[in-house]
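A.B. asks: Sending over my_file_14.json (JSON, C-alpha atoms).
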```json
[["chain", "number", "residue", "atom", "x", "y", "z"],
["A", 467, "MET", "CA", -37.05, 26.42, 21.39],
["A", 468, "ASP", "CA", -39.42, 24.13, 23.21],
["A", 469, "ASN", "CA", -37.28, 21.07, 23.85],
["A", 470, "VAL", "CA", -33.83, 20.07, 25.05],
["A", 471, "VAL", "CA", -33.17, 16.38, 24.46],
["A", 472, "ARG", "CA", -30.30, 13.99, 25.21],
["A", 473, "LEU", "CA", -29.57, 11.68, 22.27],
["A", 474, "HIS", "CA", -27.06, 8.85, 21.86],
["A", 475, "LEU", "CA", -25.55, 8.71, 18.38],
["A", 476, "LYS", "CA", -25.83, 4.95, 18.22],
["A", 477, "THR", "CA", -27.47, 2.96, 15.45],
["A", 478, "GLY", "CA", -27.00, -0.66, 14.43],
["A", 479, "THR", "CA", -23.74, 0.08, 12.61],
["A", 480, "ASP", "CA", -20.39, -1.48, 13.46],
["A", 481, "SER", "CA", -18.75, 1.76, 12.25],
["A", 482, "ARG", "CA", -19.77, 4.01, 15.11],
["A", 483, "GLN", "CA", -16.87, 6.45, 14.67],
["A", 484, "GLU", "CA", -17.92, 6.95, 11.03],
["A", 485, "LEU", "CA", -21.47, 7.62, 12.22],
["A", 486, "VAL", "CA", -20.23, 10.25, 14.69],
["A", 487, "ASP", "CA", -18.00, 11.80, 12.01],
["A", 488, "PHE", "CA", -20.90, 11.92, 9.54],
["A", 489, "CYS", "CA", -23.15, 13.57, 12.12],
["A", 490, "LEU", "CA", -20.83, 15.98, 13.92],
["A", 491, "ASN", "CA", -17.53, 16.38, 12.05],
["A", 492, "SER", "CA", -18.78, 17.12, 8.53],
["A", 493, "LYS", "CA", -19.66, 20.41, 6.83],
["A", 494, "LYS", "CA", -23.36, 19.47, 7.06],
["A", 495, "GLN", "CA", -24.20, 18.27, 10.55],
["A", 496, "TYR", "CA", -26.99, 16.00, 11.76],
["A", 497, "VAL", "CA", -28.37, 13.98, 14.59],
["A", 498, "ALA", "CA", -29.48, 10.58, 13.33],
["A", 499, "ILE", "CA", -31.54, 7.53, 14.22],
["A", 500, "GLY", "CA", -31.40, 4.02, 12.80],
["A", 501, "TRP", "CA", -33.91, 1.58, 11.32],
["A", 502, "SER", "CA", -32.48, 2.07, 7.82],
["A", 503, "SER", "CA", -34.30, -1.08, 6.70],
["A", 504, "GLN", "CA", -37.57, 0.80, 7.18],
["A", 505, "SER", "CA", -36.56, 3.84, 5.11],
["A", 506, "GLU", "CA", -35.99, 2.06, 1.80],
["A", 507, "ASP", "CA", -37.96, 3.46, -1.15],
["A", 508, "LEU", "CA", -39.17, 6.52, 0.78],
["A", 509, "TYR", "CA", -38.84, 10.19, -0.13],
["A", 510, "ARG", "CA", -37.01, 12.56, 2.22],
["A", 511, "GLU", "CA", -40.35, 14.10, 3.21],
["A", 512, "SER", "CA", -42.00, 10.73, 4.01],
["A", 513, "PHE", "CA", -41.25, 10.67, 7.74],
["A", 514, "GLN", "CA", -44.80, 9.70, 8.71],
["A", 515, "GLU", "CA", -44.57, 6.55, 6.56],
["A", 516, "TYR", "CA", -41.14, 5.75, 8.02],
["A", 517, "TYR", "CA", -42.55, 6.31, 11.52],
["A", 518, "GLN", "CA", -45.41, 3.87, 10.86],
["A", 519, "ARG", "CA", -43.01, 1.24, 9.49],
["A", 520, "VAL", "CA", -40.78, 1.44, 12.58],
["A", 521, "LYS", "CA", -43.80, 1.33, 14.86],
["A", 522, "GLU", "CA", -45.14, -1.78, 13.09],
["A", 523, "LEU", "CA", -41.71, -3.44, 13.21],
["A", 524, "SER", "CA", -41.32, -3.12, 16.98],
["A", 525, "GLY", "CA", -44.97, -2.99, 17.99],
["A", 526, "ARG", "CA", -44.59, 0.48, 19.48],
["A", 527, "ALA", "CA", -43.03, 3.84, 18.78],
["A", 528, "ASN", "CA", -39.52, 4.06, 20.22],
["A", 529, "PRO", "CA", -38.90, 7.23, 22.29],
["A", 530, "ALA", "CA", -36.12, 8.34, 19.91],
["A", 531, "ILE", "CA", -38.39, 8.26, 16.87],
["A", 532, "ASN", "CA", -41.06, 10.18, 18.80],
["A", 533, "VAL", "CA", -38.50, 12.89, 19.57],
["A", 534, "PHE", "CA", -37.60, 13.14, 15.87],
["A", 535, "ARG", "CA", -41.29, 13.29, 14.91],
["A", 536, "ASP", "CA", -41.91, 16.15, 17.35],
["A", 537, "ALA", "CA", -38.67, 18.11, 16.78],
["A", 538, "LYS", "CA", -38.99, 21.72, 15.70],
["A", 539, "VAL", "CA", -36.53, 24.26, 14.34],
["A", 540, "ASP", "CA", -34.38, 25.65, 17.19],
["A", 541, "ASP", "CA", -34.98, 22.67, 19.50],
["A", 542, "LEU", "CA", -31.76, 21.56, 21.17],
["A", 543, "PHE", "CA", -30.14, 18.13, 21.35],
["A", 544, "TRP", "CA", -27.08, 17.29, 23.37],
["A", 545, "THR", "CA", -24.89, 14.30, 22.74],
["A", 546, "ARG", "CA", -21.40, 13.00, 23.29],
["A", 547, "ASP", "CA", -18.78, 11.79, 20.82],
["A", 548, "LEU", "CA", -16.61, 8.71, 21.32],
["A", 549, "ASP", "CA", -13.85, 10.85, 22.87],
["A", 550, "GLY", "CA", -16.21, 11.94, 25.65],
["A", 551, "ARG", "CA", -16.69, 15.51, 24.36],
["A", 552, "TYR", "CA", -20.16, 16.96, 24.68],
["A", 553, "TRP", "CA", -21.98, 18.60, 21.79],
["A", 554, "ILE", "CA", -24.99, 20.90, 21.74],
["A", 555, "CYS", "CA", -26.97, 20.74, 18.50],
["A", 556, "ARG", "CA", -29.64, 23.20, 17.33],
["A", 557, "VAL", "CA", -32.20, 21.90, 14.83],
["A", 558, "LYS", "CA", -32.06, 23.86, 11.55],
["A", 559, "SER", "CA", -34.85, 22.19, 9.56],
["A", 560, "PRO", "CA", -37.43, 19.39, 9.80],
["A", 561, "VAL", "CA", -36.59, 15.69, 9.91],
["A", 562, "GLU", "CA", -35.54, 14.00, 6.66],
["A", 563, "VAL", "CA", -35.82, 10.33, 5.77],
["A", 564, "VAL", "CA", -32.58, 8.83, 4.42],
["A", 565, "CYS", "CA", -31.47, 5.27, 3.77],
["A", 566, "ASP", "CA", -27.84, 4.64, 4.65],
["A", 567, "LYS", "CA", -27.54, 0.89, 5.24],
["A", 568, "ARG", "CA", -23.83, 0.96, 6.08],
["A", 569, "LEU", "CA", -24.28, 3.45, 8.94],
["A", 570, "ASP", "CA", -27.84, 2.23, 9.64],
["A", 571, "ILE", "CA", -29.34, 5.71, 9.32],
["A", 572, "GLY", "CA", -33.07, 5.93, 8.62],
["A", 573, "ALA", "CA", -33.71, 9.59, 9.45],
["A", 574, "VAL", "CA", -31.72, 12.73, 10.24],
["A", 575, "LEU", "CA", -32.35, 16.14, 11.69],
["A", 576, "PRO", "CA", -30.11, 18.82, 10.15],
["A", 577, "VAL", "CA", -28.39, 20.72, 12.98],
["A", 578, "GLU", "CA", -25.72, 23.22, 13.87],
["A", 579, "ALA", "CA", -23.45, 21.39, 16.31],
["A", 580, "TYR", "CA", -20.93, 22.86, 18.75],
["A", 581, "ASN", "CA", -18.63, 20.91, 21.02],
["A", 582, "PHE", "CA", -17.67, 22.11, 24.49]]
```
Now that the file is in, can you turn its structure into structure tokens?
C.D. replies:
Amino acid sequence: MDNVVRLHLKTGTDSRQELVDFCLNSKKQYVAIGWSSQSEDLYRESFQEYYQRVKELSGRANPAINVFRDAKVDDLFWTRDLDGRYWICRVKSPVEVVCDKRLDIGAVLPVEAYNF
């Protein structure tokens, strides 16, 4: 473990509770970032291409996408759900590109998440 990072589970979706449920309250757990419009037509392993698309869109690399780019197995993220409960999340595997337009998810990090 090299990093401990605070992350808001907040993308461009209007269904934020569904986003939190997808990330933390499902059998497979994730932390996620948005920009789903930039992940269309990309393979799960194509994070560098997704990164470049987001960077070109906004003219710079957002700090959240830099954290996902640099995340390693066993790094820790902490976040909060909409009920104010805190969660600690340990990265299980490298970042994956996804394209979920409804929840505005462009990339996920598979994690083990524990609330406290």
A.B. asks: Choose the residue, out of A:Phe488, A:Trp544, A:Tyr552, A:Phe513, that has the smallest atom-to-atom separation from Asn532 in chain A; count only C-alpha atoms.
C.D. replies: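 When distances to Asn532 in chain A are compared using only C-alpha atoms, the smallest one comes from A:Phe513.
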A.B. asks: Using all atoms listed in the file, pick whichever of A:Leu508, A:Val486, A:Val557, A:Ala579 has the shortest atom-to-atom distance to Phe534 in chain A.
C.D. replies: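 Counting all atoms listed in the file, the residue closest to Phe534 in chain A is A:Val557.
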A.B. asks: Please identify all polymer residues within 10 Å of Ile499 in chain A, counting only C-alpha atoms, omitting same-chain residues fewer than 4 positions from it, and present them as a PDB file with C-alpha atoms, keeping the file's coordinate frame.
C.D. replies:
```pdb
ATOM      1  CA  LEU A 473     -29.570  11.680  22.270  1.00  0.00           C
ATOM      2  CA  HIS A 474     -27.060   8.850  21.860  1.00  0.00           C
ATOM      3  CA  LEU A 475     -25.550   8.710  18.380  1.00  0.00           C
ATOM      4  CA  LYS A 476     -25.830   4.950  18.220  1.00  0.00           C
ATOM      5  CA  THR A 477     -27.470   2.960  15.450  1.00  0.00           C
ATOM      6  CA  GLY A 478     -27.000  -0.660  14.430  1.00  0.00           C
ATOM      7  CA  ALA A 530     -36.120   8.340  19.910  1.00  0.00           C
ATOM      8  CA  ILE A 531     -38.390   8.260  16.870  1.00  0.00           C
ATOM      9  CA  PHE A 534     -37.600  13.140  15.870  1.00  0.00           C
ATOM     10  CA  VAL A 563     -35.820  10.330   5.770  1.00  0.00           C
ATOM     11  CA  VAL A 564     -32.580   8.830   4.420  1.00  0.00           C
ATOM     12  CA  LEU A 569     -24.280   3.450   8.940  1.00  0.00           C
ATOM     13  CA  ASP A 570     -27.840   2.230   9.640  1.00  0.00           C
ATOM     14  CA  ILE A 571     -29.340   5.710   9.320  1.00  0.00           C
ATOM     15  CA  GLY A 572     -33.070   5.930   8.620  1.00  0.00           C
ATOM     16  CA  ALA A 573     -33.710   9.590   9.450  1.00  0.00           C
ATOM     17  CA  VAL A 574     -31.720  12.730  10.240  1.00  0.00           C
ATOM     18  CA  LEU A 575     -32.350  16.140  11.690  1.00  0.00           C
TER      19      LEU A 575
END
```
A.B. asks: Please, what distance in Å, to one decimal, runs between CA of Pro560 in chain A and CA of Arg546 in chain A?
C.D. replies: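 Result for CA of Pro560 in chain A versus CA of Arg546 in chain A: 21.9 Å, one decimal.
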A.B. asks: Applying 12 Å and only C-alpha atoms, which residues near Asn528 in chain A remain after dropping the ones on its own chain fewer than 5 positions away? List them as number ranges by chain.
C.D. replies: A: 499-501, 517-523, 533-535
A.B. asks: Any idea what the distance is between CA of Asp566 in chain A and CA of Asp547 in chain A?
C.D. replies: 19.9 Å
A.B. asks: From the list A:Asn581, A:Glu506, A:Thr479, A:Val471, which residue is nearest Asp549 in chain A when using all atoms listed in the file?
C.D. replies: A:Asn581
A.B. asks: Which is closest to Arg472 in chain A among A:Leu548, A:Leu542, A:Lys567, A:Tyr516, if we use all atoms listed in the file?
C.D. replies: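 The answer is A:Leu542, which sits nearest to Arg472 in chain A.
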A.B. asks: Quick one: pull the distance between CA of Ser559 in chain A and CA of Phe543 in chain A, Å, one decimal.
C.D. replies: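 One can read the CA of Ser559 in chain A to CA of Phe543 in chain A distance as 13.3 Å.
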A.B. asks: Measuring between only C-alpha atoms, which one of A:Leu485, A:Ala527, A:Leu490, A:Ala498 shows the shortest distance to Glu562 in chain A?
C.D. replies: A:Ala498
